[in-house]
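Shown next, in structure tokens, is the structure this report addresses.
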Amino acid sequence: MDIRRTVLWMIFSFSLLLLWNNWQVYSGNPSLFGEWGITQTTGTAAKPEPAKLATRQPANTANTSIPSGLPATPAPAATPGVAAASEPPVDHAQKPASSSKKIDIRTDVYDLTFDTQGAQLVKAELTKYKDLEDPTKPMVLLDDSAHSTYLAQTGVVGAPAGQSYPTHLTPFRLVSTDHVMTGNTLKVVFEAESDGVKVVKTYTLHKDSYAIDVQNDIYNTGSHVIDPSLYFQLSRDGNDPPAATQFFHSSFTGPVVYSSEDKYQKVKFSEIDKGKASYIKQANNGWIGIVQHYFATAWIPPQNKTRYNEMLRVANNLYAVRSIESVGKIEPGQHQSVLAHLWVGPQDQKAMSQLAPGLDVVVDYGFLTIIAKPLFQLMTWIHSYVGNWGWTIVVLTLLIKLVFYPLSAAGYRSMAKMKLVTPRLQEMKKTFGGDRAKMNQAMMQMYKTEKINPLGGCLPMIVQVPVFIALYWVLLGSVEMRGAPWILWIHDLSARDPLFILPAIMMATMFLQIKLNPTPPDPMQAKMMMAMPLVFGGMMFFFPAGLVLYYCFNNAVSIAQQRYIMHRLDKEMAVVHR
């Protein structure tokens with residue numbers, strides 16, 4: 001029983017550690033187990049002052065040649081001049097508000113706002129998702145308000161010294177006339193011309209899609225050959241998005257980059273501040289993006305073309321991630337078209353994987369991805385039939401219990417046999433008194449004679465722990481759970497139970513399970529076993545309702561299986577003793 005006592009102490013200690021860790025995360029302190037990302041808070045830092053923002057050239061490296069004169073900020077400014085590679089960054093004065101006009105565009109999934117300055121996408125409301133703080137309003141992802149900066153930008157660089165091609169600081173004019181989607185697509189077209197280069201920027205929006213086609217047509221209207229480069233940029237402040245109602249986890253918010261060489265790389269804003277950001281600088285594939293809990297933005301430039309990636313701090317609490325590709329030489333009177341894709345929306349794994357290789361990995365399931373991915377795919381398949389994510393979890397629990405039934409049956413039979421020999425264990429305790437060596441020897445002999453594995457009841461639980469943790473990450477990371485209702489009082493499976501009914505049911509089922517199991521001969525062990533429902537139940541008060549639902553139904557099915565197996569064992573024993 002020494003092994004069992006050790007196991008119980010380990011479980012109890014780990015439970016207390018988890019509770020303390022959850023409280024630390026809730027209090028805004030770092031997780032004891034390392035960060036999944038950056039702790040979310042409901043507070044926001046001050047937005048950078050536009051008048052103080054400065055353009056910045058990309059950093060040159062020994063083995064790359066990044067075009068110079070690339071602006072990096074969304075600050076209202078005059079058409080930027082292009083500095084030579086040796087020149088310092090240029091500050092631009094704030095320009096009159098009249099030169100910037102906001103254009104509102106509506107589709108079935110978006111309310112978008114474009115700024116004619118640079119033809120930037122400066123606001124994206126996702127109309128199918130509710131705001132966490134005010135459910136009467138839609139979720140706002142991109143924004144350019146007094147308290148938030150998050151923008152999608154493109155521009156052309158590579159002009160000779162003293163000249164400037166159209167960038168995201170250049171005034172554009174709206175060419176298209178439609179502002180509301182009435183068919184399957186809607187085109188929003190802007191154009192601008194500067195120093196012999198005309199850029200026509202076309203955003204193509206698709207029905208029921210968060211993937212936006214962005215085509216830049218670059219015309220050489222001058223008399224000399226040009227060799228421009230095109231950049232794709234996301235600018236964002238370092239503020240965390242509003243936290244969900246639960247406080248037991250940290251989720252990553254920050255820039256990311258993906259390539260076939262180095263795969264998925266996340267970079268914290270703090271690493272950019274310290275100049276310690278590590279990511280692939282040059283590639284001919286992949287994409288760049290910024291992710292936060294449940295949502296993401298990403299630029300997918302043309303593939304199989306050399307591009308240069310850069311992440312930088314452009315002002316206090318303002319960051320940019322961008323990718324720069326050469327367009328190639330353009331003769332006078334000729335033009336080049338560059339088609340890229342922009343994702344602005346939820347972390348929809350299926351749609352994102354169809355848009356670009358690796359784009360779906362923004363849904364981070366942690367170190368158990370190898371289990372979590374198939375679990376999510378199975379849940380998606382079940383949901384296609386039942387149509388409700390709560391009942392999907394119930395059906396998934398049944399399937400998991402069926403898969404593990406042979407192992408569970410062996411464990412329950414072992415526990416049932418342990419319960420039958422409990423009176424004999426009590427007698428041994430009286431017989432041997434404080435001589436633990438002789439008592440343990442007698443117990444081991446009895447286990448051998450009765451063919452009992454004293455740890456057999458723990459094995460099913462231990463084997464299912466990876467599945468439980470994987471499901472935990474699936475329910476935390478899958479946007480499908482955000483705002484998904486089940487029944488009655490459960491309106492959001494990704495948030496904790498508002499009435500704490502499910503945690504109470506889980507504690508009750510755990511107590512019932514303990515009563516069905518043999519009572520440990522050691523009073524201390526018995527007290528610890530009775531404390532376990534309180535410990536785990538306390539944790540479940542802060543877990544997503546979907547996860548607690550899984551645990552409740554899992555316990556209920558386990559109790560039914562245990563009662564069935566014990567009933568069969570009682571019949572077998574009755575036959576043996578006839």
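To be explicit about the labels: the chains of the structure tokens are called A, B, and onward in the order shown, and within each one the residues are counted from 1, while ligands get numbers from 1 in the order they are shown.
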Output as JSON lines one row per residue of segment 156-203 of chain A within 10 Å of segment 333-355 of chain A: the closest atom pair and its distance in Å to one decimal place, counting only C-alpha atoms, sorted by chain and residue number ascending.
{"residue": "A:Val197", "atom": "CA", "partner": "A:His335", "partner_atom": "CA", "distance": 9.4}
{"residue": "A:Lys198", "atom": "CA", "partner": "A:His335", "partner_atom": "CA", "distance": 9.1}
{"residue": "A:Val199", "atom": "CA", "partner": "A:His335", "partner_atom": "CA", "distance": 9.4}
{"residue": "A:Val200", "atom": "CA", "partner": "A:Ser337", "partner_atom": "CA", "distance": 9.3}
{"residue": "A:Lys201", "atom": "CA", "partner": "A:Val338", "partner_atom": "CA", "distance": 9.7}
{"residue": "A:Thr202", "atom": "CA", "partner": "A:Leu339", "partner_atom": "CA", "distance": 9.3}
{"residue": "A:Tyr203", "atom": "CA", "partner": "A:Leu342", "partner_atom": "CA", "distance": 9.3}
Output for the residues just chosen: C-alpha atoms as a PDB file, in the first residue's frame:
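Printed below is part09.pdb as written:
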ATOM      1  CA  VAL A 197       4.205  54.525 -60.638  1.00  0.00           C
ATOM      2  CA  LYS A 198       0.480  53.885 -60.517  1.00  0.00           C
ATOM      3  CA  VAL A 199      -0.931  51.276 -58.144  1.00  0.00           C
ATOM      4  CA  VAL A 200      -4.417  49.804 -58.447  1.00  0.00           C
ATOM      5  CA  LYS A 201      -5.275  47.881 -55.293  1.00  0.00           C
ATOM      6  CA  THR A 202      -8.250  45.511 -55.488  1.00  0.00           C
ATOM      7  CA  TYR A 203      -9.766  43.776 -52.458  1.00  0.00           C
TER       8      TYR A 203
END
Within 6 Å of segment 229-233 of chain A, which residues of segment 258-330 of chain A come that close, and what is the closest atom pair and distance in Å for each? Count only C-alpha atoms and give it as JSON lines.
{"residue": "A:Val321", "atom": "CA", "partner": "A:Gln233", "partner_atom": "CA", "distance": 5.8}
{"residue": "A:Arg322", "atom": "CA", "partner": "A:Gln233", "partner_atom": "CA", "distance": 4.1}
{"residue": "A:Ser323", "atom": "CA", "partner": "A:Phe232", "partner_atom": "CA", "distance": 5.3}
{"residue": "A:Ile324", "atom": "CA", "partner": "A:Tyr231", "partner_atom": "CA", "distance": 4.2}
{"residue": "A:Glu325", "atom": "CA", "partner": "A:Leu230", "partner_atom": "CA", "distance": 5.4}
{"residue": "A:Ser326", "atom": "CA", "partner": "A:Ser229", "partner_atom": "CA", "distance": 4.1}
{"residue": "A:Val327", "atom": "CA", "partner": "A:Ser229", "partner_atom": "CA", "distance": 5.1}
**Request:** Find the residues near Ile559 of chain A: any atom within 8 Å, counting only C-alpha atoms, skip ones fewer than 6 places away on the same chain, and give them as an MDAnalysis selection string.
**Result:** chainID A and resid 509 512:513
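In this structure, atom CA of Leu359 of chain A sits 23.7 Å away from atom CA of Ser270 of chain A.
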**Prompt:** Which neighbours of Val256 of chain A fall inside 6 Å, counting only C-alpha atoms, when residues of the same chain fewer than 2 positions from it are skipped, and could you give them as a ChimeraX atom specification?
**Reply:** /A:265-266,288-290
Got time to write the residues from that selection, all heavy atoms, as a PDB file, in the first residue's frame?
ATOM      1  N   GLN A 265       6.526  29.691 -36.130  1.00  0.00           N
ATOM      2  CA  GLN A 265       7.342  30.400 -35.144  1.00  0.00           C
ATOM      3  C   GLN A 265       6.542  31.558 -34.542  1.00  0.00           C
ATOM      4  O   GLN A 265       6.031  32.419 -35.262  1.00  0.00           O
ATOM      5  CB  GLN A 265       8.622  30.941 -35.794  1.00  0.00           C
ATOM      6  CG  GLN A 265       9.545  29.850 -36.324  1.00  0.00           C
ATOM      7  CD  GLN A 265      10.721  30.431 -37.095  1.00  0.00           C
ATOM      8  OE1 GLN A 265      10.560  30.948 -38.193  1.00  0.00           O
ATOM      9  NE2 GLN A 265      11.906  30.347 -36.513  1.00  0.00           N
ATOM     10  N   LYS A 266       6.451  31.564 -33.212  1.00  0.00           N
ATOM     11  CA  LYS A 266       5.760  32.622 -32.486  1.00  0.00           C
ATOM     12  C   LYS A 266       6.795  33.547 -31.845  1.00  0.00           C
ATOM     13  O   LYS A 266       7.816  33.086 -31.355  1.00  0.00           O
ATOM     14  CB  LYS A 266       4.846  32.039 -31.404  1.00  0.00           C
ATOM     15  CG  LYS A 266       3.757  31.142 -31.937  1.00  0.00           C
ATOM     16  CD  LYS A 266       2.771  30.743 -30.856  1.00  0.00           C
ATOM     17  CE  LYS A 266       3.396  29.834 -29.825  1.00  0.00           C
ATOM     18  NZ  LYS A 266       2.386  29.310 -28.864  1.00  0.00           N
ATOM     19  N   ILE A 288       2.966  35.361 -42.990  1.00  0.00           N
ATOM     20  CA  ILE A 288       3.171  36.081 -41.735  1.00  0.00           C
ATOM     21  C   ILE A 288       1.805  36.384 -41.133  1.00  0.00           C
ATOM     22  O   ILE A 288       0.793  36.421 -41.857  1.00  0.00           O
ATOM     23  CB  ILE A 288       3.949  37.387 -41.931  1.00  0.00           C
ATOM     24  CG1 ILE A 288       3.188  38.303 -42.912  1.00  0.00           C
ATOM     25  CG2 ILE A 288       5.363  37.105 -42.415  1.00  0.00           C
ATOM     26  CD1 ILE A 288       3.740  39.716 -42.961  1.00  0.00           C
ATOM     27  N   GLY A 289       1.755  36.613 -39.835  1.00  0.00           N
ATOM     28  CA  GLY A 289       0.464  36.901 -39.228  1.00  0.00           C
ATOM     29  C   GLY A 289       0.585  37.417 -37.811  1.00  0.00           C
ATOM     30  O   GLY A 289       1.674  37.561 -37.252  1.00  0.00           O
ATOM     31  N   ILE A 290      -0.553  37.715 -37.233  1.00  0.00           N
ATOM     32  CA  ILE A 290      -0.675  38.060 -35.814  1.00  0.00           C
ATOM     33  C   ILE A 290      -1.849  37.251 -35.279  1.00  0.00           C
ATOM     34  O   ILE A 290      -2.929  37.223 -35.889  1.00  0.00           O
ATOM     35  CB  ILE A 290      -0.914  39.561 -35.604  1.00  0.00           C
ATOM     36  CG1 ILE A 290       0.317  40.365 -36.053  1.00  0.00           C
ATOM     37  CG2 ILE A 290      -1.229  39.869 -34.145  1.00  0.00           C
ATOM     38  CD1 ILE A 290       0.169  41.864 -35.906  1.00  0.00           C
TER      39      ILE A 290
END
**Nearest residue to Asp108 of chain A from the set A:Ser164, A:Thr149, A:Thr185, A:Thr204 (distances using only C-alpha atoms)** = A:Thr185
**Message:** Residues of segment 151-375 of chain A classed as strand (DSSP E) by DSSP on the backbone are to be reported as a VMD selection string.
**Reply:** chain A and resid 151 to 157 173 to 174 185 to 194 197 to 206 211 to 220 229 to 237 254 to 259 263 to 266 282 to 283 287 to 292 295 to 300 307 to 315 318 to 326 335 to 346
**Prompt:** Can you list every residue in segment 209-441 of chain A that DSSP puts in helix (DSSP H, G or I), as a PyMOL selection string?
**Reply:** chain A and resi 269-273+349-355+359-362+366-386+389-403+405-420+422-432+436-441
**Given only C-alpha atoms as the counted atoms, nearest of A:Arg424, A:Ser223, A:Leu132, A:Gln120 to Ala442 of chain A** =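 Checking each candidate against Ala442 of chain A, we get A:Arg424 as the closest.
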**Item:** For Val395 of chain A, the nearest of the candidates A:Pro466, A:Asn554, A:Gly483, A:Lys263, counting only C-alpha atoms
**Value:** A:Asn554
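From atom CA of Asn388 of chain A back to atom CA of Lys137 of chain A, the distance works out to 23.4 Å.
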